[in-house]
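What follows is the content of data.csv (CSV, C-alpha atoms).
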```
chain,number,residue,atom,x,y,z
A,1,MET,CA,89.4,56.3,75.6
A,2,THR,CA,88.4,59.6,74.1
A,3,ARG,CA,86.2,60.2,77.1
A,4,LYS,CA,89.1,59.5,79.4
A,5,TYR,CA,91.3,62.1,77.6
A,6,LEU,CA,88.4,64.6,77.7
A,7,SER,CA,88.1,64.1,81.5
A,8,LEU,CA,91.8,64.5,81.9
A,9,ALA,CA,91.7,67.7,79.8
A,10,LEU,CA,88.9,69.0,81.9
A,11,VAL,CA,90.7,68.2,85.2
A,12,ALA,CA,93.8,70.0,83.8
A,13,PHE,CA,91.8,73.0,82.7
A,14,VAL,CA,90.0,73.3,86.1
A,15,ALA,CA,93.4,72.8,87.9
A,16,ALA,CA,95.0,75.5,85.8
A,17,GLY,CA,92.1,77.8,86.4
A,18,CYS,CA,92.3,77.3,90.2
A,19,ALA,CA,96.1,77.9,90.1
A,20,SER,CA,95.7,81.1,88.3
A,21,ALA,CA,92.9,82.2,90.6
A,22,ALA,CA,95.1,81.4,93.6
A,23,LEU,CA,98.1,83.1,92.3
A,24,ALA,CA,96.7,86.2,90.7
A,25,ALA,CA,99.5,88.2,89.1
A,26,ALA,CA,100.3,91.2,91.3
A,27,LYS,CA,99.7,94.6,89.8
A,28,PHE,CA,101.3,96.7,92.4
A,29,ASN,CA,103.7,94.4,94.2
A,30,LYS,CA,106.9,93.2,92.5
A,31,LYS,CA,107.8,90.6,95.1
A,32,LEU,CA,104.6,88.9,96.2
A,33,GLU,CA,101.4,87.7,94.6
A,34,VAL,CA,98.0,87.1,96.1
A,35,GLY,CA,97.8,83.4,97.1
A,36,ALA,CA,101.5,83.2,97.9
A,37,ALA,CA,102.9,82.6,101.4
A,38,PRO,CA,105.4,85.2,102.4
A,39,SER,CA,108.4,84.1,104.5
A,40,ALA,CA,107.6,84.0,108.2
A,41,TRP,CA,109.2,86.6,110.3
A,42,LYS,CA,110.9,85.5,113.6
A,43,ASP,CA,111.8,87.1,116.8
A,44,LEU,CA,111.0,90.7,116.1
A,45,PRO,CA,111.0,92.9,119.2
A,46,GLY,CA,107.7,94.5,120.0
A,47,THR,CA,106.8,97.7,121.9
A,48,ASP,CA,105.4,95.4,124.6
A,49,GLY,CA,109.0,94.3,125.4
A,50,LYS,CA,108.3,90.8,124.0
A,51,SER,CA,109.7,89.0,121.0
A,52,HIS,CA,107.2,88.2,118.3
A,53,SER,CA,107.2,85.6,115.5
A,54,LEU,CA,104.5,84.9,112.9
A,55,ALA,CA,104.0,81.4,114.4
A,56,ASP,CA,102.8,83.1,117.7
A,57,TYR,CA,99.6,84.1,116.0
A,58,LYS,CA,98.5,80.6,114.9
A,59,ASP,CA,95.1,81.0,116.6
A,60,ALA,CA,94.1,84.0,114.5
A,61,LYS,CA,91.7,83.2,111.6
A,62,LEU,CA,93.0,86.1,109.7
A,63,LEU,CA,96.2,88.0,110.3
A,64,VAL,CA,96.6,91.6,109.0
A,65,VAL,CA,100.2,92.6,108.6
A,66,ILE,CA,100.6,96.4,108.3
A,67,PHE,CA,103.9,98.0,107.4
A,68,THR,CA,103.8,101.3,109.0
A,69,THR,CA,106.1,103.9,110.6
A,70,ASN,CA,106.3,106.6,113.3
A,71,THR,CA,107.1,109.5,111.0
A,72,CYS,CA,105.0,109.3,107.8
A,73,PRO,CA,102.0,111.6,107.7
A,74,VAL,CA,100.0,109.1,105.7
A,75,ALA,CA,100.8,106.3,108.2
A,76,ILE,CA,100.0,108.6,111.1
A,77,ALA,CA,96.6,109.5,109.5
A,78,TYR,CA,95.7,105.8,109.6
A,79,GLU,CA,96.7,105.0,113.2
A,80,ASP,CA,93.2,105.6,114.6
A,81,ARG,CA,91.6,103.7,111.9
A,82,LEU,CA,93.8,100.7,112.6
A,83,VAL,CA,92.9,100.8,116.3
A,84,ALA,CA,89.2,100.9,115.4
A,85,LEU,CA,89.7,98.0,113.0
A,86,GLN,CA,91.4,95.8,115.6
A,87,LYS,CA,88.6,96.7,118.0
A,88,GLU,CA,85.9,95.8,115.5
A,89,PHE,CA,87.4,92.6,114.1
A,90,SER,CA,89.2,91.2,117.1
A,91,PRO,CA,86.1,89.3,118.5
A,92,LYS,CA,85.8,87.7,115.0
A,93,GLY,CA,89.3,86.1,115.1
A,94,VAL,CA,91.2,88.8,113.3
A,95,GLN,CA,94.6,90.0,114.6
A,96,LEU,CA,96.5,93.1,113.4
A,97,VAL,CA,100.3,93.2,113.6
A,98,ALA,CA,102.1,96.4,112.7
A,99,ILE,CA,105.8,96.2,111.6
A,100,ASN,CA,108.1,99.2,111.3
A,101,CYS,CA,111.0,98.7,108.9
A,102,ASN,CA,112.2,102.3,108.6
A,103,PRO,CA,115.6,103.3,109.9
A,104,GLY,CA,116.6,106.3,112.0
A,105,GLU,CA,116.2,107.5,115.5
A,106,ASP,CA,112.6,108.6,115.0
A,107,ASN,CA,111.8,105.0,114.2
A,108,ASN,CA,113.8,103.0,116.7
A,109,LEU,CA,112.1,100.8,119.4
A,110,ALA,CA,112.2,103.5,122.0
A,111,ALA,CA,110.4,106.0,119.7
A,112,MET,CA,108.0,103.3,118.6
A,113,LYS,CA,107.1,102.5,122.3
A,114,GLU,CA,106.3,106.2,122.8
A,115,ARG,CA,104.1,106.3,119.7
A,116,ALA,CA,102.3,103.0,120.6
A,117,SER,CA,101.6,104.3,124.1
A,118,GLN,CA,100.5,107.8,122.9
A,119,LYS,CA,98.1,106.3,120.3
A,120,GLN,CA,97.1,103.4,122.6
A,121,PHE,CA,97.8,100.8,120.0
A,122,ASN,CA,95.7,97.7,120.7
A,123,PHE,CA,97.8,95.5,118.4
A,124,PRO,CA,101.5,94.5,118.5
A,125,TYR,CA,103.9,97.0,117.0
A,126,LEU,CA,107.2,95.3,115.9
A,127,TYR,CA,110.5,96.7,115.0
A,128,ASP,CA,112.4,95.1,112.0
A,129,GLU,CA,115.7,96.8,112.0
A,130,ALA,CA,117.1,94.3,109.4
A,131,GLN,CA,114.1,95.3,107.1
A,132,GLN,CA,113.8,91.7,105.9
A,133,SER,CA,110.1,91.4,106.5
A,134,GLY,CA,109.4,94.4,104.4
A,135,ARG,CA,111.6,93.0,101.6
A,136,ASN,CA,109.9,89.6,101.8
A,137,TYR,CA,106.5,91.2,101.5
A,138,GLY,CA,107.5,93.6,98.7
A,139,ALA,CA,106.3,96.4,100.9
A,140,THR,CA,107.0,99.8,99.2
A,141,CYS,CA,105.4,102.3,101.4
A,142,THR,CA,103.7,103.0,104.7
A,143,PRO,CA,101.0,102.0,105.2
A,144,HIS,CA,101.0,98.9,103.1
A,145,VAL,CA,98.7,96.1,104.3
A,146,PHE,CA,98.5,92.3,103.8
A,147,ILE,CA,95.7,90.0,104.9
A,148,LEU,CA,97.0,86.5,105.6
A,149,ASP,CA,94.4,83.7,105.5
A,150,ALA,CA,94.3,80.6,107.8
A,151,ASN,CA,97.1,79.1,105.8
A,152,ARG,CA,99.1,82.3,106.0
A,153,LYS,CA,98.8,83.0,102.3
A,154,VAL,CA,98.1,86.5,101.1
A,155,ALA,CA,94.3,87.0,100.6
A,156,TYR,CA,94.4,90.7,100.1
A,157,MET,CA,97.2,93.3,99.8
A,158,GLY,CA,97.4,97.0,99.2
A,159,ALA,CA,95.7,100.0,100.8
A,160,ILE,CA,93.6,100.3,103.9
A,161,ASP,CA,91.1,102.5,102.1
A,162,ASP,CA,91.1,105.1,99.4
A,163,ASN,CA,91.9,108.3,101.2
A,164,MET,CA,94.3,109.4,103.9
A,165,SER,CA,91.7,111.9,105.0
A,166,ASP,CA,89.2,109.8,106.9
A,167,THR,CA,86.3,112.1,106.2
A,168,LYS,CA,86.8,111.6,102.4
A,169,VAL,CA,87.0,107.8,102.3
A,170,LYS,CA,84.7,106.2,99.8
A,171,ARG,CA,86.1,102.6,99.6
A,172,HIS,CA,87.0,100.6,102.7
A,173,TYR,CA,89.2,98.0,101.1
A,174,LEU,CA,90.7,96.3,104.2
A,175,SER,CA,87.5,96.2,106.2
A,176,ASP,CA,85.5,94.9,103.2
A,177,ALA,CA,88.1,92.2,102.5
A,178,LEU,CA,88.0,91.1,106.1
A,179,THR,CA,84.2,90.9,106.2
A,180,ALA,CA,84.2,88.9,103.0
A,181,LEU,CA,86.9,86.5,104.1
A,182,LEU,CA,85.2,85.9,107.5
A,183,ALA,CA,82.0,85.0,105.6
A,184,GLY,CA,83.9,82.5,103.5
A,185,ASN,CA,83.9,84.7,100.4
A,186,ALA,CA,86.7,86.2,98.3
A,187,PRO,CA,87.5,89.9,98.9
A,188,PRO,CA,85.8,92.3,96.5
A,189,GLU,CA,89.3,93.3,95.4
A,190,LEU,CA,92.3,91.1,95.9
A,191,GLU,CA,94.9,93.9,95.4
A,192,THR,CA,94.7,97.6,95.5
A,193,ARG,CA,97.3,100.3,94.9
A,194,GLN,CA,99.1,101.1,98.1
A,195,PHE,CA,100.1,104.7,98.8
A,196,GLY,CA,101.9,106.7,101.4
A,197,CYS,CA,105.6,107.4,102.2
A,198,GLY,CA,108.4,105.2,100.8
A,199,ILE,CA,110.1,102.7,103.1
A,200,HIS,CA,113.8,103.6,103.2
A,201,TYR,CA,115.5,100.4,102.5
A,202,GLN,CA,119.2,100.4,103.2
B,203,MET,CA,120.7,118.2,53.4
B,204,ARG,CA,122.3,121.4,52.4
B,205,SER,CA,118.9,123.0,51.9
B,206,ALA,CA,117.9,121.8,55.3
B,207,LEU,CA,121.0,123.4,56.8
B,208,SER,CA,120.3,126.6,55.0
B,209,CYS,CA,116.8,126.7,56.3
B,210,LEU,CA,118.1,126.1,59.8
B,211,THR,CA,120.6,128.9,59.4
B,212,LEU,CA,117.9,131.2,58.1
B,213,LEU,CA,115.6,130.2,61.0
B,214,LEU,CA,118.4,130.8,63.6
B,215,ALA,CA,119.2,134.1,62.0
B,216,PHE,CA,115.5,135.1,62.2
B,217,VAL,CA,115.2,134.0,65.8
B,218,THR,CA,118.4,135.7,66.9
B,219,THR,CA,117.8,138.9,65.0
B,220,GLY,CA,114.0,139.2,64.5
B,221,CYS,CA,113.1,139.6,68.2
B,222,ASP,CA,112.6,142.7,70.1
B,223,PRO,CA,114.8,143.5,72.0
B,224,PRO,CA,117.2,142.2,69.4
B,225,ALA,CA,120.2,139.9,69.3
B,226,THR,CA,120.1,137.6,72.3
B,227,THR,CA,122.3,134.6,72.0
B,228,THR,CA,120.8,132.6,74.9
B,229,PRO,CA,119.2,129.5,73.4
B,230,ALA,CA,116.4,129.4,75.9
B,231,THR,CA,115.6,132.6,77.8
B,232,PRO,CA,115.2,131.9,81.5
B,233,PRO,CA,112.1,133.4,83.0
B,234,PRO,CA,112.7,136.6,84.9
B,235,SER,CA,113.1,136.2,88.6
B,236,ASN,CA,109.9,138.1,89.3
B,237,THR,CA,107.8,135.7,87.3
B,238,ALA,CA,104.7,134.9,89.3
B,239,VAL,CA,104.4,131.4,90.7
B,240,THR,CA,101.1,129.9,89.7
B,241,LEU,CA,99.2,126.7,90.5
B,242,ARG,CA,96.4,125.0,88.6
B,243,PRO,CA,94.4,121.8,89.1
B,244,ALA,CA,95.2,119.0,86.7
B,245,ASP,CA,94.3,115.4,85.9
B,246,GLU,CA,96.2,112.9,83.9
B,247,LYS,CA,94.9,114.3,80.6
B,248,ASP,CA,96.1,117.8,81.5
B,249,LEU,CA,99.6,116.3,82.3
B,250,ALA,CA,99.6,114.4,79.0
B,251,ALA,CA,98.7,117.6,77.1
B,252,LEU,CA,101.5,119.5,78.8
B,253,VAL,CA,104.0,116.7,77.9
B,254,THR,CA,102.8,116.8,74.3
B,255,LYS,CA,103.3,120.5,74.2
B,256,HIS,CA,106.9,120.0,75.2
B,257,ARG,CA,107.5,117.1,72.8
B,258,GLY,CA,111.1,117.3,71.7
B,259,GLN,CA,112.3,118.4,75.1
B,260,VAL,CA,112.8,116.3,78.2
B,261,VAL,CA,110.1,116.8,80.8
B,262,LEU,CA,110.7,116.1,84.5
B,263,VAL,CA,107.6,115.8,86.7
B,264,ASP,CA,108.2,116.1,90.4
B,265,CYS,CA,105.3,114.5,92.3
B,266,TRP,CA,105.3,115.8,95.8
B,267,ALA,CA,103.1,117.1,98.6
B,268,THR,CA,103.4,119.5,101.5
B,269,TRP,CA,102.6,116.6,103.9
B,270,CYS,CA,105.7,114.8,102.6
B,271,PRO,CA,108.9,116.1,104.3
B,272,PRO,CA,111.3,114.2,102.0
B,273,CYS,CA,109.5,115.8,99.0
B,274,MET,CA,110.0,119.3,100.3
B,275,LYS,CA,113.6,118.5,101.2
B,276,GLN,CA,114.3,117.5,97.6
B,277,PHE,CA,112.3,120.1,95.9
B,278,PRO,CA,115.1,122.7,95.8
B,279,HIS,CA,117.1,120.2,93.8
B,280,THR,CA,114.3,119.9,91.3
B,281,VAL,CA,114.3,123.7,90.9
B,282,ALA,CA,118.1,123.7,90.5
B,283,LEU,CA,117.8,120.9,87.9
B,284,GLY,CA,115.4,123.1,85.9
B,285,GLU,CA,117.9,126.0,86.0
B,286,LYS,CA,120.9,123.9,85.2
B,287,TYR,CA,119.5,121.9,82.3
B,288,ARG,CA,117.0,124.4,80.7
B,289,PRO,CA,119.4,125.4,78.0
B,290,GLN,CA,119.8,121.8,77.0
B,291,GLY,CA,116.0,121.3,76.8
B,292,LEU,CA,114.8,120.3,80.2
B,293,VAL,CA,111.3,121.3,81.2
B,294,VAL,CA,110.3,120.9,84.9
B,295,VAL,CA,106.7,120.4,86.0
B,296,SER,CA,105.6,120.0,89.6
B,297,LEU,CA,102.6,117.9,90.5
B,298,SER,CA,101.3,118.2,94.0
B,299,PHE,CA,99.2,115.5,95.7
B,300,ASN,CA,97.6,117.9,98.1
B,301,GLU,CA,93.9,118.4,98.8
B,302,PRO,CA,92.5,121.4,96.8
B,303,ASP,CA,91.9,123.2,100.1
B,304,ASP,CA,95.7,123.1,100.8
B,305,SER,CA,96.3,125.2,97.7
B,306,ALA,CA,97.4,128.3,99.7
B,307,ALA,CA,100.1,126.3,101.5
B,308,VAL,CA,101.2,124.6,98.3
B,309,LEU,CA,101.5,128.0,96.5
B,310,ALA,CA,103.3,129.5,99.5
B,311,PHE,CA,105.9,126.7,99.4
B,312,LEU,CA,106.3,126.9,95.6
B,313,SER,CA,106.7,130.7,95.8
B,314,LYS,CA,109.4,130.4,98.4
B,315,GLN,CA,111.2,127.9,96.2
B,316,HIS,CA,110.9,130.3,93.2
B,317,ALA,CA,109.2,127.5,91.3
B,318,THR,CA,108.5,129.5,88.1
B,319,PHE,CA,107.6,126.5,86.0
B,320,ASP,CA,104.2,124.7,85.5
B,321,ASN,CA,102.9,123.8,88.9
B,322,LEU,CA,100.0,121.4,89.0
B,323,VAL,CA,97.9,120.1,91.8
B,324,SER,CA,96.1,116.8,91.3
B,325,ARG,CA,92.4,117.1,90.9
B,326,TYR,CA,92.1,114.0,93.0
B,327,GLY,CA,94.0,115.5,96.0
B,328,SER,CA,95.8,113.2,98.3
B,329,SER,CA,93.4,110.3,97.6
B,330,GLN,CA,94.4,106.9,96.2
B,331,GLN,CA,92.9,108.0,92.9
B,332,SER,CA,95.8,110.4,92.4
B,333,TYR,CA,98.3,107.5,92.6
B,334,ALA,CA,96.2,105.6,90.1
B,335,ALA,CA,95.6,108.4,87.7
B,336,PHE,CA,99.2,109.3,87.5
B,337,ASP,CA,100.3,105.7,87.8
B,338,ILE,CA,102.7,106.1,90.8
B,339,GLN,CA,103.9,102.5,90.9
B,340,SER,CA,105.5,102.4,94.3
B,341,GLY,CA,102.6,104.4,95.8
B,342,ALA,CA,105.2,106.6,97.5
B,343,LEU,CA,106.2,110.2,97.3
B,344,PRO,CA,108.5,111.8,96.3
B,345,TYR,CA,108.2,110.3,92.8
B,346,TYR,CA,109.8,111.5,89.6
B,347,ILE,CA,108.6,110.9,86.1
B,348,LEU,CA,110.8,111.7,83.1
B,349,PHE,CA,109.5,112.0,79.6
B,350,ASP,CA,112.2,111.7,77.0
B,351,ARG,CA,112.4,113.9,73.9
B,352,ALA,CA,110.1,111.4,72.1
B,353,GLY,CA,107.5,111.7,74.9
B,354,VAL,CA,108.2,108.2,76.2
B,355,ARG,CA,107.6,107.9,80.0
B,356,HIS,CA,110.4,106.7,82.3
B,357,ASP,CA,109.7,106.4,86.0
B,358,THR,CA,112.3,107.0,88.6
B,359,PRO,CA,112.6,105.5,91.2
B,360,GLY,CA,112.6,102.0,89.8
B,361,PRO,CA,111.2,98.9,91.3
B,362,GLY,CA,111.2,100.0,94.9
B,363,PRO,CA,112.0,103.2,96.6
B,364,THR,CA,115.3,103.4,98.3
B,365,ASP,CA,117.4,106.3,99.4
B,366,GLU,CA,119.7,105.8,96.5
B,367,LEU,CA,117.0,105.8,93.9
B,368,LEU,CA,115.4,108.8,95.4
B,369,GLY,CA,118.7,110.5,95.7
B,370,PRO,CA,119.5,113.5,93.5
B,371,ALA,CA,122.4,111.8,91.8
B,372,ASN,CA,120.3,109.2,90.1
B,373,LEU,CA,117.8,111.7,88.8
B,374,ASP,CA,120.7,113.9,87.4
B,375,ARG,CA,122.1,110.9,85.6
B,376,ALA,CA,118.8,110.0,84.1
B,377,ILE,CA,118.2,113.6,82.9
B,378,GLU,CA,121.6,113.8,81.4
B,379,LYS,CA,121.1,110.5,79.6
B,380,PHE,CA,117.8,111.6,78.0
B,381,LEU,CA,119.0,115.1,77.2
B,382,ALA,CA,121.9,113.5,75.3
B,383,GLU,CA,119.5,111.6,73.1
B,384,PRO,CA,118.5,113.3,69.9
B,385,ALA,CA,114.8,114.1,69.3
B,386,THR,CA,114.1,111.5,66.7
B,387,GLY,CA,111.2,109.6,65.3
B,388,ALA,CA,107.9,110.7,66.9
B,389,ALA,CA,109.5,113.7,68.4
B,390,ALA,CA,110.8,115.0,65.1
B,391,GLN,CA,107.3,115.0,63.7
B,392,HIS,CA,106.0,117.3,66.4
```

I'd like the structure from this file rewritten - as structure tokens, please.
Amino acid sequence: MTRKYLSLALVAFVAAGCASAALAAAKFNKKLEVGAAPSAWKDLPGTDGKSHSLADYKDAKLLVVIFTTNTCPVAIAYEDRLVALQKEFSPKGVQLVAINCNPGEDNNLAAMKERASQKQFNFPYLYDEAQQSGRNYGATCTPHVFILDANRKVAYMGAIDDNMSDTKVKRHYLSDALTALLAGNAPPELETRQFGCGIHYQ
Amino acid sequence: MRSALSCLTLLLAFVTTGCDPPATTTPATPPPSNTAVTLRPADEKDLAALVTKHRGQVVLVDCWATWCPPCMKQFPHTVALGEKYRPQGLVVVSLSFNEPDDSAAVLAFLSKQHATFDNLVSRYGSSQQSYAAFDIQSGALPYYILFDRAGVRHDTPGPGPTDELLGPANLDRAIEKFLAEPATGAAAQH
């Protein structure tokens, strides 16, 4: 009998430990925790003229959702890095999707199309005029990135790397997290502090 | 109590009559308009020291950068707040998240704005470490930090940046609230 209770206690302890590991308390996100599944976005218009939903990307092993914008100097500083990341990780089953939640003429779909063409984005660039995806993810600034695993739960969130100036980067958070996850390992860091320009929620 | 009041009266009399040139009635003398605008590198310890130095006053820290257009748009309001509330005990500090090699541009902007207060530039530049060192919760600029008269930190904006929270009215209200509070407890000891 005692042994049975001990086993139950052990199971409960392990289960509790797993749960806390899966839902690590977020340090820099007031809405979402690592391990949680954010609400799926639906029918967001893309710069490719098509309508995009999260479900469309079911074949991707890992999905990287990036909240970005046309006008923020920090977000702009990261555009080339995002194109390079998509190029590097696309053959490994990773898909980047960028979402713009910012209001204003400089950030409407027409302006986004121009930007995507100019910078030759090799990933979808979606316009969320209602800003709901940003709210659901607890995105505070641009860029703010989230890796969703095969179950579309957050596996990493925060910054792309540690410096907006690409020549001064020391830590490649997003790239390292993708590499670790593709190898079946946990990212070196589950959450890092995002930084950039505030998203203007209305 | 009466002796404390007497001391205060004597102190006030000394302050108002003992200076040269004599007899100014302005509680806090504004810096002359030709005061040089300066900029110095700072980390979180330097900022903490500055806040300690001004314990008993309300300190507004405007975190900004020249690469942040909304920051520059709002900066004149920060300067105006400093002018408006200085007599009531507001101290303004600017903290730039620019790279050290941008210092000339930072200083040029500050000079144009007549920012004759303490102007700091983060030792960590525009890197993520700046946001960590100064604990910029939203990760977004502009960002305002208020230290009340007891030196307790209050961050504005709140949970998430919105136009309303970043707006001047909110900041004004917060400053007025903290200025209205007496310098009690820890503040009184310093």

Contact residues (chain A, partner chain B, 7 Å, all atoms listed in the file) as a list in words: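 Output check: Phe28, Pro73, Thr140, Cys141, Asp162, Asn163, Met164, Arg193, Gln194, Phe195, Gly196, Cys197, Gly198, Ile199, His200, Tyr201 and Gln202 of chain A.
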
For atom CA of A:Gly93 and atom CA of A:Leu62, the interatomic separation in Å (one decimal): 6.5 Å

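The gap separating atom CA of A:Leu96 from atom CA of A:Leu44 is 14.9 Å, in Å to one decimal.
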
Residue contacts of A:Ile76 (12 Å, all atoms listed in the file) excluding same-chain residues fewer than 5 positions away, as a PyMOL selection string: (chain A and resi 67-71+81-83+115-116+118-119+142-143+164-166+196-197) or (chain B and resi 269-270)

Atom CA of A:Gln86 to atom CA of A:Leu63, distance in Å rounded to a single decimal: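 So the two atoms, atom CA of A:Gln86 and atom CA of A:Leu63, lie 10.6 Å apart.
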
Is it possible to produce a file of stretch 33-92 of chain A from this structure, with C-alpha atoms, as a PDB file, in the first residue's frame?
```pdb
ATOM      1  CA  GLU A  33       3.976  31.438 -22.054  1.00  0.00           C
ATOM      2  CA  VAL A  34       6.420  29.063 -23.678  1.00  0.00           C
ATOM      3  CA  GLY A  35       4.552  25.770 -24.172  1.00  0.00           C
ATOM      4  CA  ALA A  36       1.197  27.470 -24.741  1.00  0.00           C
ATOM      5  CA  ALA A  37      -0.641  27.373 -28.065  1.00  0.00           C
ATOM      6  CA  PRO A  38      -1.610  30.851 -29.229  1.00  0.00           C
ATOM      7  CA  SER A  39      -4.917  31.306 -31.044  1.00  0.00           C
ATOM      8  CA  ALA A  40      -4.677  30.546 -34.727  1.00  0.00           C
ATOM      9  CA  TRP A  41      -4.952  33.462 -37.116  1.00  0.00           C
ATOM     10  CA  LYS A  42      -7.272  33.122 -40.088  1.00  0.00           C
ATOM     11  CA  ASP A  43      -7.594  34.722 -43.492  1.00  0.00           C
ATOM     12  CA  LEU A  44      -4.992  37.429 -43.207  1.00  0.00           C
ATOM     13  CA  PRO A  45      -4.195  39.091 -46.541  1.00  0.00           C
ATOM     14  CA  GLY A  46      -0.632  38.635 -47.725  1.00  0.00           C
ATOM     15  CA  THR A  47       1.551  40.725 -49.998  1.00  0.00           C
ATOM     16  CA  ASP A  48       1.299  37.834 -52.476  1.00  0.00           C
ATOM     17  CA  GLY A  49      -2.390  38.664 -52.991  1.00  0.00           C
ATOM     18  CA  LYS A  50      -3.524  35.482 -51.234  1.00  0.00           C
ATOM     19  CA  SER A  51      -5.317  34.896 -47.958  1.00  0.00           C
ATOM     20  CA  HIS A  52      -3.302  33.111 -45.256  1.00  0.00           C
ATOM     21  CA  SER A  53      -4.281  31.099 -42.181  1.00  0.00           C
ATOM     22  CA  LEU A  54      -2.102  29.312 -39.654  1.00  0.00           C
ATOM     23  CA  ALA A  55      -3.609  26.008 -40.809  1.00  0.00           C
ATOM     24  CA  ASP A  56      -2.130  26.559 -44.288  1.00  0.00           C
ATOM     25  CA  TYR A  57       1.323  25.818 -42.893  1.00  0.00           C
ATOM     26  CA  LYS A  58       0.578  22.363 -41.509  1.00  0.00           C
ATOM     27  CA  ASP A  59       3.504  20.824 -43.380  1.00  0.00           C
ATOM     28  CA  ALA A  60       6.111  22.998 -41.696  1.00  0.00           C
ATOM     29  CA  LYS A  61       8.027  21.259 -38.906  1.00  0.00           C
ATOM     30  CA  LEU A  62       8.624  24.565 -37.243  1.00  0.00           C
ATOM     31  CA  LEU A  63       6.882  27.838 -37.903  1.00  0.00           C
ATOM     32  CA  VAL A  64       8.513  31.162 -37.098  1.00  0.00           C
ATOM     33  CA  VAL A  65       6.003  33.971 -36.607  1.00  0.00           C
ATOM     34  CA  ILE A  66       7.601  37.396 -36.751  1.00  0.00           C
ATOM     35  CA  PHE A  67       5.759  40.557 -35.815  1.00  0.00           C
ATOM     36  CA  THR A  68       7.387  43.221 -37.906  1.00  0.00           C
ATOM     37  CA  THR A  69       6.559  46.455 -39.666  1.00  0.00           C
ATOM     38  CA  ASN A  70       7.558  48.665 -42.589  1.00  0.00           C
ATOM     39  CA  THR A  71       8.611  51.685 -40.624  1.00  0.00           C
ATOM     40  CA  CYS A  72      10.583  50.692 -37.542  1.00  0.00           C
ATOM     41  CA  PRO A  73      14.356  51.110 -37.952  1.00  0.00           C
ATOM     42  CA  VAL A  74      14.981  48.055 -35.770  1.00  0.00           C
ATOM     43  CA  ALA A  75      12.595  45.884 -37.794  1.00  0.00           C
ATOM     44  CA  ILE A  76      14.151  47.189 -41.011  1.00  0.00           C
ATOM     45  CA  ALA A  77      17.623  46.346 -39.691  1.00  0.00           C
ATOM     46  CA  TYR A  78      16.511  42.714 -39.372  1.00  0.00           C
ATOM     47  CA  GLU A  79      14.898  42.260 -42.814  1.00  0.00           C
ATOM     48  CA  ASP A  80      17.995  40.902 -44.533  1.00  0.00           C
ATOM     49  CA  ARG A  81      18.643  38.578 -41.604  1.00  0.00           C
ATOM     50  CA  LEU A  82      15.126  37.152 -41.906  1.00  0.00           C
ATOM     51  CA  VAL A  83      15.570  36.538 -45.626  1.00  0.00           C
ATOM     52  CA  ALA A  84      18.860  34.740 -44.870  1.00  0.00           C
ATOM     53  CA  LEU A  85      17.246  32.651 -42.113  1.00  0.00           C
ATOM     54  CA  GLN A  86      14.410  31.537 -44.403  1.00  0.00           C
ATOM     55  CA  LYS A  87      16.955  30.586 -47.053  1.00  0.00           C
ATOM     56  CA  GLU A  88      19.053  28.634 -44.563  1.00  0.00           C
ATOM     57  CA  PHE A  89      16.273  26.820 -42.739  1.00  0.00           C
ATOM     58  CA  SER A  90      13.655  26.323 -45.454  1.00  0.00           C
ATOM     59  CA  PRO A  91      15.220  23.028 -46.702  1.00  0.00           C
ATOM     60  CA  LYS A  92      15.025  21.736 -43.112  1.00  0.00           C
TER      61      LYS A  92
END
```
